[in-house]
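Structure data follow from model_11.cif (mmCIF, C-alpha atoms; chains and numbers go by the auth columns):
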data_data
#
loop_
_atom_site.group_PDB
_atom_site.id
_atom_site.type_symbol
_atom_site.label_atom_id
_atom_site.label_comp_id
_atom_site.label_asym_id
_atom_site.label_seq_id
_atom_site.Cartn_x
_atom_site.Cartn_y
_atom_site.Cartn_z
_atom_site.B_iso_or_equiv
_atom_site.auth_seq_id
_atom_site.auth_asym_id
ATOM 1 C CA MET A 1 247.376 -108.861 122.866 0.00 1059 A
ATOM 2 C CA LYS A 2 247.999 -107.064 119.588 0.00 1060 A
ATOM 3 C CA PHE A 3 245.165 -109.013 117.979 0.00 1061 A
ATOM 4 C CA PHE A 4 242.787 -107.979 120.761 0.00 1062 A
ATOM 5 C CA THR A 5 243.805 -104.300 120.559 0.00 1063 A
ATOM 6 C CA THR A 6 243.303 -104.179 116.799 0.00 1064 A
ATOM 7 C CA HIS A 7 239.826 -105.630 117.010 0.00 1065 A
ATOM 8 C CA LEU A 8 238.925 -103.391 119.952 0.00 1066 A
ATOM 9 C CA LEU A 9 239.890 -100.299 117.939 0.00 1067 A
ATOM 10 C CA SER A 10 237.872 -101.544 114.973 0.00 1068 A
ATOM 11 C CA ALA A 11 234.865 -102.011 117.210 0.00 1069 A
ATOM 12 C CA LEU A 12 235.237 -98.511 118.640 0.00 1070 A
ATOM 13 C CA VAL A 13 235.292 -97.033 115.143 0.00 1071 A
ATOM 14 C CA LEU A 14 231.989 -98.736 114.407 0.00 1072 A
ATOM 15 C CA ILE A 15 230.303 -97.645 117.633 0.00 1073 A
ATOM 16 C CA PRO A 16 229.118 -94.198 116.412 0.00 1074 A
ATOM 17 C CA GLY A 17 227.373 -95.872 113.490 0.00 1075 A
ATOM 18 C CA ILE A 18 225.864 -98.424 115.830 0.00 1076 A
ATOM 19 C CA PHE A 19 224.629 -95.691 118.169 0.00 1077 A
ATOM 20 C CA PHE A 20 223.198 -93.693 115.243 0.00 1078 A
ATOM 21 C CA THR A 21 221.355 -96.718 113.881 0.00 1079 A
ATOM 22 C CA GLN A 22 220.065 -97.612 117.312 0.00 1080 A
ATOM 23 C CA ALA A 23 218.913 -94.031 117.912 0.00 1081 A
ATOM 24 C CA ALA A 24 217.029 -94.004 114.609 0.00 1082 A
ATOM 25 C CA ALA A 25 215.419 -97.338 115.454 0.00 1083 A
ATOM 26 C CA ASN A 26 214.432 -96.087 118.901 0.00 1084 A
ATOM 27 C CA ALA A 27 212.902 -92.938 117.396 0.00 1085 A
ATOM 28 C CA ALA A 28 210.877 -95.035 114.937 0.00 1086 A
ATOM 29 C CA ASP A 29 209.624 -97.283 117.742 0.00 1087 A
ATOM 30 C CA GLU A 30 208.749 -94.289 119.904 0.00 1088 A
ATOM 31 C CA ILE A 31 206.670 -92.512 117.246 0.00 1089 A
ATOM 32 C CA ASN A 32 204.761 -95.736 116.578 0.00 1090 A
ATOM 33 C CA THR A 33 203.730 -95.662 120.236 0.00 1091 A
ATOM 34 C CA ILE A 34 202.816 -91.962 120.119 0.00 1092 A
ATOM 35 C CA LEU A 35 200.849 -92.438 116.870 0.00 1093 A
ATOM 36 C CA PRO A 36 199.372 -95.938 117.200 0.00 1094 A
ATOM 37 C CA ASP A 37 197.366 -95.509 113.969 0.00 1095 A
ATOM 38 C CA HIS A 38 200.661 -94.850 112.153 0.00 1096 A
ATOM 39 C CA ILE A 39 199.214 -91.686 110.567 0.00 1097 A
ATOM 40 C CA ILE A 40 200.230 -88.045 110.977 0.00 1098 A
ATOM 41 C CA ARG A 41 197.736 -85.484 109.659 0.00 1099 A
ATOM 42 C CA VAL A 42 199.418 -82.289 108.526 0.00 1100 A
ATOM 43 C CA GLY A 43 197.496 -79.048 108.138 0.00 1101 A
ATOM 44 C CA ALA A 44 198.388 -77.526 104.771 0.00 1102 A
ATOM 45 C CA VAL A 45 197.864 -73.983 103.501 0.00 1103 A
ATOM 46 C CA ASN A 46 198.168 -73.479 99.760 0.00 1104 A
ATOM 47 C CA ALA A 47 200.842 -70.790 100.171 0.00 1105 A
ATOM 48 C CA PRO A 48 204.029 -71.433 98.171 0.00 1106 A
ATOM 49 C CA PRO A 49 206.799 -72.033 98.990 0.00 1107 A
ATOM 50 C CA TRP A 50 205.556 -73.362 102.351 0.00 1108 A
ATOM 51 C CA TYR A 51 202.995 -75.651 100.735 0.00 1109 A
ATOM 52 C CA GLN A 52 201.799 -76.032 97.156 0.00 1110 A
ATOM 53 C CA LYS A 53 198.988 -78.303 96.040 0.00 1111 A
ATOM 54 C CA ASP A 54 198.843 -79.885 92.589 0.00 1112 A
ATOM 55 C CA LEU A 55 195.157 -79.579 91.756 0.00 1113 A
ATOM 56 C CA LEU A 56 195.347 -82.449 89.263 0.00 1114 A
ATOM 57 C CA THR A 57 196.978 -84.994 91.574 0.00 1115 A
ATOM 58 C CA ASN A 58 196.107 -83.501 94.998 0.00 1116 A
ATOM 59 C CA GLN A 59 199.773 -83.980 95.933 0.00 1117 A
ATOM 60 C CA TRP A 60 201.458 -81.477 98.230 0.00 1118 A
ATOM 61 C CA THR A 61 204.990 -80.179 97.739 0.00 1119 A
ATOM 62 C CA GLY A 62 206.982 -77.352 99.263 0.00 1120 A
ATOM 63 C CA LEU A 63 209.293 -76.506 102.129 0.00 1121 A
ATOM 64 C CA VAL A 64 207.025 -77.820 104.882 0.00 1122 A
ATOM 65 C CA PRO A 65 206.275 -81.165 103.144 0.00 1123 A
ATOM 66 C CA ASP A 66 210.038 -81.587 102.624 0.00 1124 A
ATOM 67 C CA VAL A 67 210.671 -80.996 106.341 0.00 1125 A
ATOM 68 C CA VAL A 68 207.832 -83.329 107.347 0.00 1126 A
ATOM 69 C CA GLN A 69 209.171 -86.051 105.024 0.00 1127 A
ATOM 70 C CA ALA A 70 212.602 -85.686 106.628 0.00 1128 A
ATOM 71 C CA ILE A 71 211.144 -85.834 110.146 0.00 1129 A
ATOM 72 C CA PHE A 72 209.277 -89.084 109.515 0.00 1130 A
ATOM 73 C CA LYS A 73 211.887 -90.682 107.275 0.00 1131 A
ATOM 74 C CA ASN A 74 212.622 -94.325 108.140 0.00 1132 A
ATOM 75 C CA SER A 75 209.424 -94.595 110.175 0.00 1133 A
ATOM 76 C CA ASP A 76 206.184 -96.447 109.422 0.00 1134 A
ATOM 77 C CA ILE A 77 204.133 -93.259 109.675 0.00 1135 A
ATOM 78 C CA THR A 78 201.879 -92.314 106.751 0.00 1136 A
ATOM 79 C CA ILE A 79 201.648 -88.573 106.075 0.00 1137 A
ATOM 80 C CA GLU A 80 198.215 -87.173 105.205 0.00 1138 A
ATOM 81 C CA TYR A 81 197.542 -83.525 104.334 0.00 1139 A
ATOM 82 C CA VAL A 82 194.426 -81.600 105.346 0.00 1140 A
ATOM 83 C CA ASP A 83 193.534 -78.292 103.667 0.00 1141 A
ATOM 84 C CA THR A 84 193.370 -75.316 106.011 0.00 1142 A
ATOM 85 C CA GLN A 85 194.126 -71.570 106.215 0.00 1143 A
ATOM 86 C CA TRP A 86 196.578 -69.702 108.450 0.00 1144 A
ATOM 87 C CA GLY A 87 193.694 -67.788 110.041 0.00 1145 A
ATOM 88 C CA THR A 88 191.801 -70.927 111.083 0.00 1146 A
ATOM 89 C CA ALA A 89 194.784 -73.192 111.747 0.00 1147 A
ATOM 90 C CA VAL A 90 194.624 -72.983 115.545 0.00 1148 A
ATOM 91 C CA ALA A 91 190.957 -73.987 115.471 0.00 1149 A
ATOM 92 C CA GLY A 92 191.892 -76.902 113.204 0.00 1150 A
ATOM 93 C CA LEU A 93 194.465 -78.113 115.724 0.00 1151 A
ATOM 94 C CA GLN A 94 192.106 -77.697 118.666 0.00 1152 A
ATOM 95 C CA SER A 95 189.254 -79.527 116.927 0.00 1153 A
ATOM 96 C CA ASN A 96 191.585 -82.403 115.958 0.00 1154 A
ATOM 97 C CA ARG A 97 191.120 -81.873 112.210 0.00 1155 A
ATOM 98 C CA PHE A 98 194.886 -82.379 111.894 0.00 1156 A
ATOM 99 C CA ASP A 99 197.814 -83.137 114.199 0.00 1157 A
ATOM 100 C CA ILE A 100 200.469 -80.603 113.220 0.00 1158 A
ATOM 101 C CA LEU A 101 200.970 -77.518 111.080 0.00 1159 A
ATOM 102 C CA GLY A 102 204.431 -76.587 109.819 0.00 1160 A
ATOM 103 C CA GLY A 103 205.716 -73.132 108.926 0.00 1161 A
ATOM 104 C CA PHE A 104 203.596 -71.750 111.775 0.00 1162 A
ATOM 105 C CA ASN A 105 205.004 -68.749 113.631 0.00 1163 A
ATOM 106 C CA LYS A 106 204.761 -68.809 117.404 0.00 1164 A
ATOM 107 C CA THR A 107 203.090 -65.672 118.725 0.00 1165 A
ATOM 108 C CA PRO A 108 201.979 -64.895 122.304 0.00 1166 A
ATOM 109 C CA GLU A 109 198.340 -65.075 121.242 0.00 1167 A
ATOM 110 C CA ARG A 110 198.717 -68.414 119.434 0.00 1168 A
ATOM 111 C CA ALA A 111 200.751 -69.848 122.317 0.00 1169 A
ATOM 112 C CA LYS A 112 197.670 -69.499 124.530 0.00 1170 A
ATOM 113 C CA ALA A 113 195.787 -71.952 122.344 0.00 1171 A
ATOM 114 C CA ALA A 114 198.450 -74.259 120.879 0.00 1172 A
ATOM 115 C CA ASP A 115 201.912 -75.612 121.558 0.00 1173 A
ATOM 116 C CA PHE A 116 204.930 -75.170 119.321 0.00 1174 A
ATOM 117 C CA THR A 117 208.097 -77.108 118.607 0.00 1175 A
ATOM 118 C CA ARG A 118 211.551 -75.615 118.479 0.00 1176 A
ATOM 119 C CA PRO A 119 212.058 -73.536 115.292 0.00 1177 A
ATOM 120 C CA MET A 120 212.326 -75.423 112.008 0.00 1178 A
ATOM 121 C CA GLY A 121 214.024 -72.341 110.528 0.00 1179 A
ATOM 122 C CA SER A 122 213.617 -68.583 110.296 0.00 1180 A
ATOM 123 C CA HIS A 123 212.879 -65.894 107.742 0.00 1181 A
ATOM 124 C CA GLN A 124 212.911 -62.128 107.403 0.00 1182 A
ATOM 125 C CA MET A 125 209.785 -60.040 106.980 0.00 1183 A
ATOM 126 C CA GLY A 126 209.633 -57.545 104.145 0.00 1184 A
ATOM 127 C CA VAL A 127 207.600 -55.988 101.361 0.00 1185 A
ATOM 128 C CA LEU A 128 207.355 -56.742 97.658 0.00 1186 A
ATOM 129 C CA THR A 129 206.308 -53.964 95.299 0.00 1187 A
ATOM 130 C CA LEU A 130 205.886 -53.383 91.567 0.00 1188 A
ATOM 131 C CA ALA A 131 206.432 -49.649 92.022 0.00 1189 A
ATOM 132 C CA LYS A 132 209.507 -48.177 90.320 0.00 1190 A
ATOM 133 C CA GLU A 133 210.409 -46.176 93.404 0.00 1191 A
ATOM 134 C CA ALA A 134 210.906 -48.678 96.200 0.00 1192 A
ATOM 135 C CA GLN A 135 212.878 -46.348 98.472 0.00 1193 A
ATOM 136 C CA LYS A 136 209.741 -45.369 100.358 0.00 1194 A
ATOM 137 C CA PHE A 137 209.621 -48.920 101.734 0.00 1195 A
ATOM 138 C CA ALA A 138 213.161 -48.727 103.163 0.00 1196 A
ATOM 139 C CA SER A 139 211.974 -48.515 106.770 0.00 1197 A
ATOM 140 C CA TRP A 140 208.898 -49.612 108.666 0.00 1198 A
ATOM 141 C CA ASP A 141 208.443 -46.031 109.879 0.00 1199 A
ATOM 142 C CA THR A 142 208.165 -44.628 106.336 0.00 1200 A
ATOM 143 C CA ILE A 143 205.733 -47.418 105.403 0.00 1201 A
ATOM 144 C CA ASN A 144 203.451 -46.618 108.326 0.00 1202 A
ATOM 145 C CA ASN A 145 201.303 -43.857 106.839 0.00 1203 A
ATOM 146 C CA GLN A 146 197.717 -43.481 105.679 0.00 1204 A
ATOM 147 C CA GLN A 147 198.660 -43.371 101.993 0.00 1205 A
ATOM 148 C CA THR A 148 200.289 -46.830 101.967 0.00 1206 A
ATOM 149 C CA LYS A 149 198.104 -49.786 101.038 0.00 1207 A
ATOM 150 C CA LEU A 150 199.438 -53.174 102.092 0.00 1208 A
ATOM 151 C CA ALA A 151 198.111 -56.634 101.211 0.00 1209 A
ATOM 152 C CA ALA A 152 198.745 -59.626 103.473 0.00 1210 A
ATOM 153 C CA ILE A 153 197.387 -63.102 104.186 0.00 1211 A
ATOM 154 C CA ASP A 154 194.943 -63.537 107.045 0.00 1212 A
ATOM 155 C CA GLY A 155 196.645 -65.211 110.009 0.00 1213 A
ATOM 156 C CA SER A 156 200.156 -64.753 108.583 0.00 1214 A
ATOM 157 C CA ALA A 157 203.066 -63.279 110.526 0.00 1215 A
ATOM 158 C CA ALA A 158 202.594 -60.060 108.565 0.00 1216 A
ATOM 159 C CA VAL A 159 199.115 -59.684 110.034 0.00 1217 A
ATOM 160 C CA THR A 160 199.685 -61.024 113.537 0.00 1218 A
ATOM 161 C CA LEU A 161 203.018 -59.285 114.126 0.00 1219 A
ATOM 162 C CA LEU A 162 203.231 -56.281 111.818 0.00 1220 A
ATOM 163 C CA GLN A 163 199.676 -54.987 111.423 0.00 1221 A
ATOM 164 C CA PRO A 164 199.515 -53.792 115.062 0.00 1222 A
ATOM 165 C CA GLN A 165 202.817 -51.949 114.561 0.00 1223 A
ATOM 166 C CA LEU A 166 201.851 -50.452 111.189 0.00 1224 A
ATOM 167 C CA ASP A 167 198.528 -49.184 112.444 0.00 1225 A
ATOM 168 C CA LYS A 168 198.389 -46.093 110.196 0.00 1226 A
ATOM 169 C CA ALA A 169 198.734 -48.013 106.919 0.00 1227 A
ATOM 170 C CA GLN A 170 195.704 -49.322 105.005 0.00 1228 A
ATOM 171 C CA TRP A 171 195.610 -53.115 105.199 0.00 1229 A
ATOM 172 C CA ILE A 172 193.925 -55.436 102.706 0.00 1230 A
ATOM 173 C CA ILE A 173 193.624 -58.852 104.352 0.00 1231 A
ATOM 174 C CA VAL A 174 193.025 -61.806 102.012 0.00 1232 A
ATOM 175 C CA PRO A 175 192.797 -65.596 102.537 0.00 1233 A
ATOM 176 C CA ASP A 176 195.722 -66.811 100.403 0.00 1234 A
ATOM 177 C CA SER A 177 198.831 -66.003 98.359 0.00 1235 A
ATOM 178 C CA ASP A 178 197.095 -65.761 94.989 0.00 1236 A
ATOM 179 C CA ASN A 179 194.667 -63.150 96.270 0.00 1237 A
ATOM 180 C CA MET A 180 197.462 -61.238 97.980 0.00 1238 A
ATOM 181 C CA GLN A 181 199.528 -61.064 94.790 0.00 1239 A
ATOM 182 C CA LEU A 182 196.436 -60.060 92.799 0.00 1240 A
ATOM 183 C CA GLN A 183 195.927 -57.046 95.067 0.00 1241 A
ATOM 184 C CA MET A 184 199.414 -55.809 94.182 0.00 1242 A
ATOM 185 C CA GLU A 185 199.243 -56.694 90.483 0.00 1243 A
ATOM 186 C CA SER A 186 195.880 -54.948 90.071 0.00 1244 A
ATOM 187 C CA GLY A 187 197.137 -51.801 91.786 0.00 1245 A
ATOM 188 C CA ARG A 188 194.723 -52.081 94.708 0.00 1246 A
ATOM 189 C CA ALA A 189 197.730 -52.472 97.022 0.00 1247 A
ATOM 190 C CA ASP A 190 201.074 -50.663 96.843 0.00 1248 A
ATOM 191 C CA ALA A 191 202.908 -53.710 98.137 0.00 1249 A
ATOM 192 C CA ILE A 192 202.468 -57.096 99.747 0.00 1250 A
ATOM 193 C CA VAL A 193 203.873 -57.897 103.171 0.00 1251 A
ATOM 194 C CA THR A 194 205.298 -61.373 103.609 0.00 1252 A
ATOM 195 C CA ASN A 195 208.572 -63.247 104.172 0.00 1253 A
ATOM 196 C CA ASP A 196 211.762 -63.130 102.115 0.00 1254 A
ATOM 197 C CA ILE A 197 211.336 -66.696 100.848 0.00 1255 A
ATOM 198 C CA GLN A 198 207.885 -66.099 99.413 0.00 1256 A
ATOM 199 C CA MET A 199 208.965 -62.798 97.870 0.00 1257 A
ATOM 200 C CA SER A 200 212.044 -64.248 96.191 0.00 1258 A
ATOM 201 C CA GLN A 201 209.960 -67.133 94.842 0.00 1259 A
ATOM 202 C CA TYR A 202 207.542 -64.631 93.298 0.00 1260 A
ATOM 203 C CA ILE A 203 210.369 -62.709 91.626 0.00 1261 A
ATOM 204 C CA GLN A 204 211.901 -65.903 90.278 0.00 1262 A
ATOM 205 C CA LYS A 205 208.615 -67.038 88.738 0.00 1263 A
ATOM 206 C CA ARG A 206 207.138 -63.733 87.555 0.00 1264 A
ATOM 207 C CA HIS A 207 210.380 -61.906 86.672 0.00 1265 A
ATOM 208 C CA GLN A 208 209.055 -58.702 88.167 0.00 1266 A
ATOM 209 C CA GLY A 209 208.926 -56.862 91.454 0.00 1267 A
ATOM 210 C CA THR A 210 211.366 -55.464 93.981 0.00 1268 A
ATOM 211 C CA MET A 211 211.900 -57.062 97.364 0.00 1269 A
ATOM 212 C CA VAL A 212 212.702 -54.727 100.238 0.00 1270 A
ATOM 213 C CA ILE A 213 213.698 -55.748 103.767 0.00 1271 A
ATOM 214 C CA PRO A 214 212.789 -52.606 105.736 0.00 1272 A
ATOM 215 C CA GLN A 215 214.818 -51.412 108.694 0.00 1273 A
ATOM 216 C CA PRO A 216 214.982 -52.436 111.418 0.00 1274 A
ATOM 217 C CA VAL A 217 215.175 -56.018 110.136 0.00 1275 A
ATOM 218 C CA LYS A 218 212.464 -58.215 111.595 0.00 1276 A
ATOM 219 C CA GLU A 219 213.528 -61.861 111.604 0.00 1277 A
ATOM 220 C CA GLN A 220 210.897 -64.396 112.527 0.00 1278 A
ATOM 221 C CA PRO A 221 211.529 -68.022 113.549 0.00 1279 A
ATOM 222 C CA THR A 222 208.935 -70.468 112.295 0.00 1280 A
ATOM 223 C CA ASN A 223 207.798 -73.597 114.071 0.00 1281 A
ATOM 224 C CA ILE A 224 205.492 -76.578 113.967 0.00 1282 A
ATOM 225 C CA GLY A 225 202.224 -76.093 115.829 0.00 1283 A
ATOM 226 C CA LEU A 226 200.250 -78.820 117.617 0.00 1284 A
ATOM 227 C CA ARG A 227 197.535 -79.241 120.244 0.00 1285 A
ATOM 228 C CA LYS A 228 198.396 -78.506 123.849 0.00 1286 A
ATOM 229 C CA ASP A 229 197.566 -82.005 125.097 0.00 1287 A
ATOM 230 C CA ARG A 230 200.325 -83.754 123.103 0.00 1288 A
ATOM 231 C CA PRO A 231 203.581 -83.305 125.059 0.00 1289 A
ATOM 232 C CA GLN A 232 205.002 -86.642 123.880 0.00 1290 A
ATOM 233 C CA LEU A 233 204.550 -85.743 120.225 0.00 1291 A
ATOM 234 C CA GLN A 234 206.016 -82.292 120.851 0.00 1292 A
ATOM 235 C CA ALA A 235 209.091 -83.763 122.570 0.00 1293 A
ATOM 236 C CA TRP A 236 209.581 -86.302 119.772 0.00 1294 A
ATOM 237 C CA LEU A 237 209.316 -83.618 117.082 0.00 1295 A
ATOM 238 C CA ASP A 238 211.785 -81.424 118.985 0.00 1296 A
ATOM 239 C CA GLY A 239 214.247 -84.306 119.068 0.00 1297 A
ATOM 240 C CA ARG A 240 213.924 -84.957 115.342 0.00 1298 A
ATOM 241 C CA LEU A 241 214.257 -81.249 114.477 0.00 1299 A
ATOM 242 C CA GLU A 242 217.374 -81.014 116.638 0.00 1300 A
ATOM 243 C CA GLN A 243 218.905 -83.985 114.839 0.00 1301 A
ATOM 244 C CA LEU A 244 217.984 -82.603 111.397 0.00 1302 A
ATOM 245 C CA ASP A 245 219.491 -79.265 112.389 0.00 1303 A
ATOM 246 C CA LYS A 246 222.743 -80.859 113.515 0.00 1304 A
ATOM 247 C CA ASP A 247 223.190 -83.024 110.426 0.00 1305 A
ATOM 248 C CA GLY A 248 222.482 -80.140 108.026 0.00 1306 A
ATOM 249 C CA THR A 249 219.205 -81.487 106.628 0.00 1307 A
ATOM 250 C CA LEU A 250 217.150 -78.434 107.593 0.00 1308 A
ATOM 251 C CA LYS A 251 219.733 -76.070 106.122 0.00 1309 A
ATOM 252 C CA SER A 252 219.715 -78.040 102.883 0.00 1310 A
ATOM 253 C CA ILE A 253 215.919 -77.920 102.641 0.00 1311 A
ATOM 254 C CA TRP A 254 215.740 -74.173 103.310 0.00 1312 A
ATOM 255 C CA LYS A 255 218.480 -73.521 100.754 0.00 1313 A
ATOM 256 C CA LYS A 256 216.381 -75.280 98.124 0.00 1314 A
ATOM 257 C CA TYR A 257 213.624 -72.691 98.543 0.00 1315 A
ATOM 258 C CA THR A 258 215.740 -69.608 99.184 0.00 1316 A
ATOM 259 C CA HIS A 259 216.757 -67.837 95.993 0.00 1317 A
ATOM 260 C CA PRO A 260 218.536 -64.503 95.642 0.00 1318 A
ATOM 261 C CA ALA A 261 216.048 -61.898 94.541 0.00 1319 A
ATOM 262 C CA ASN A 262 216.636 -60.439 91.072 0.00 1320 A
ATOM 263 C CA PRO A 263 214.459 -57.343 90.933 0.00 1321 A
ATOM 264 C CA SER A 264 213.549 -56.110 87.512 0.00 1322 A
ATOM 265 C CA SER A 265 214.864 -52.706 86.588 0.00 1323 A
#
Will you turn the file into structure tokens for me?
Amino acid sequence: MKFFTTHLLSALVLIPGIFFTQAAANAADEINTILPDHIIRVGAVNAPPWYQKDLLTNQWTGLVPDVVQAIFKNSDITIEYVDTQWGTAVAGLQSNRFDILGGFNKTPERAKAADFTRPMGSHQMGVLTLAKEAQKFASWDTINNQQTKLAAIDGSAAVTLLQPQLDKAQWIIVPDSDNMQLQMESGRADAIVTNDIQMSQYIQKRHQGTMVIPQPVKEQPTNIGLRKDRPQLQAWLDGRLEQLDKDGTLKSIWKKYTHPANPSS
């Protein structure tokens, strides 16, 4: 009887590992059914740190590619990236140019045309300025005046969520991050409006600028977008994101791209 009890306990200790392995195998089998061609096409916007394209190798890196790699880890799915822009991303999903788009904020307007997974993380909205006096950006109310010129990326959360609220400010809408930063650096804009991750990345690389998170703080969850006729893919992605959230993978990935801002004096 003692022999039986010992081996039973040993088997019970191994069961969680068995269940985990079986769950991973089931997930891999399921996605092969959902994507019979074994390919997932990911819309990619050249907007660090979300996505960054190496123009020499055409390879994509960044927070979203890291999350996508984690989602499809241990599966037979090949990941392909398709260039797009935030402003035309919904049309790209609807026209089947690509299957998913990560780092995509769910808004009421977008939700009419596309579906979204559970959040893959969240970020705070703020402004980045090269001006010595950054106090005037301390609140959204003080920013919202006719003298303030703000640059932002077309289709970004700054435009879709904040532009309607900051309707008195002068907005300069550009297609990508490089153009947005150029507006600020050239003096055509007083500040850029984007998320805390992108701002801290800029400060780390350029060693200039002050990041301000105006009051009240506006935190925005970010998701993965996909076409409305793909409920199985959406459910599978939700399951993988939940697992990656529970095991700390998502937190680890976000930490890699979140740096404390070190404004220059």
Can you list every residue of region 1217-1307 of chain A that has an atom at most 12 Å from region 1098-1121 of chain A, with its nearest atom pair and the distance in Å to one decimal, using all atoms listed in the file, ordered by chain then number, as a tab-separated table?
residue	atom	partner	partner_atom	distance
A:Pro1233	CA	A:Val1103	CA	9.8
A:Asp1234	CA	A:Ala1105	CA	6.5
A:Ser1235	CA	A:Ala1105	CA	5.5
A:Asp1236	CA	A:Ala1105	CA	8.1
A:Asn1237	CA	A:Ala1105	CA	10.6
A:Met1238	CA	A:Ala1105	CA	10.4
A:Gln1239	CA	A:Ala1105	CA	11.2
A:Thr1252	CA	A:Ala1105	CA	11.0
A:Asn1253	CA	A:Pro1107	CA	10.4
A:Asp1254	CA	A:Pro1107	CA	10.7
A:Ile1255	CA	A:Pro1107	CA	7.2
A:Gln1256	CA	A:Pro1107	CA	6.0
A:Met1257	CA	A:Pro1107	CA	9.6
A:Ser1258	CA	A:Pro1107	CA	9.8
A:Gln1259	CA	A:Pro1107	CA	7.2
A:Tyr1260	CA	A:Pro1106	CA	9.1
A:Gln1262	CA	A:Pro1107	CA	11.8
A:Lys1263	CA	A:Pro1106	CA	11.4
A:Thr1280	CA	A:Trp1108	CA	10.9
A:Asn1281	CA	A:Trp1108	CA	11.9
A:Ile1282	CA	A:Val1100	CA	10.0
A:Gly1283	CA	A:Gly1101	CA	9.5
A:Leu1284	CA	A:Val1100	CA	9.8
A:Leu1291	CA	A:Ile1098	CA	10.5
A:Leu1295	CA	A:Ile1098	CA	11.8
A:Thr1307	CA	A:Leu1121	CA	12.0
*Distance criterion (all atoms listed in the file): nearest to Lys1194 (chain A) out of A:Gly1306, A:Gly1179, A:Pro1094, A:Pro1272*: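 Selected residue with least distance to Lys1194 (chain A): A:Pro1272.
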_When you count all atoms listed in the file, which of these residues is closest to Gln1292 (chain A): A:Glu1138, A:Arg1176, A:Phe1162, A:His1096?_
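Nearest candidate to Gln1292 (chain A) out of A:Glu1138, A:Arg1176, A:Phe1162, A:His1096: A:Arg1176.
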*Quick one: of A:Asp1248, A:Phe1195, A:Ala1171, A:Leu1308, who's nearest to Thr1146 (chain A), counting all atoms listed in the file?*
A:Ala1171
*Have a look at A:Gly1145, A:Val1232, A:Ser1310, A:Ser1197 and name the one nearest to Ala1210 (chain A); count all atoms listed in the file.*
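Of the candidates, the smallest distance to Ala1210 (chain A) is held by A:Val1232.
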*Explicit residue set for the PyMOL selection byres ((chain A and resi 1247) around 8), as a VMD selection string*: chain A and resid 1206 to 1209 1230 1241 to 1246 1248 to 1250
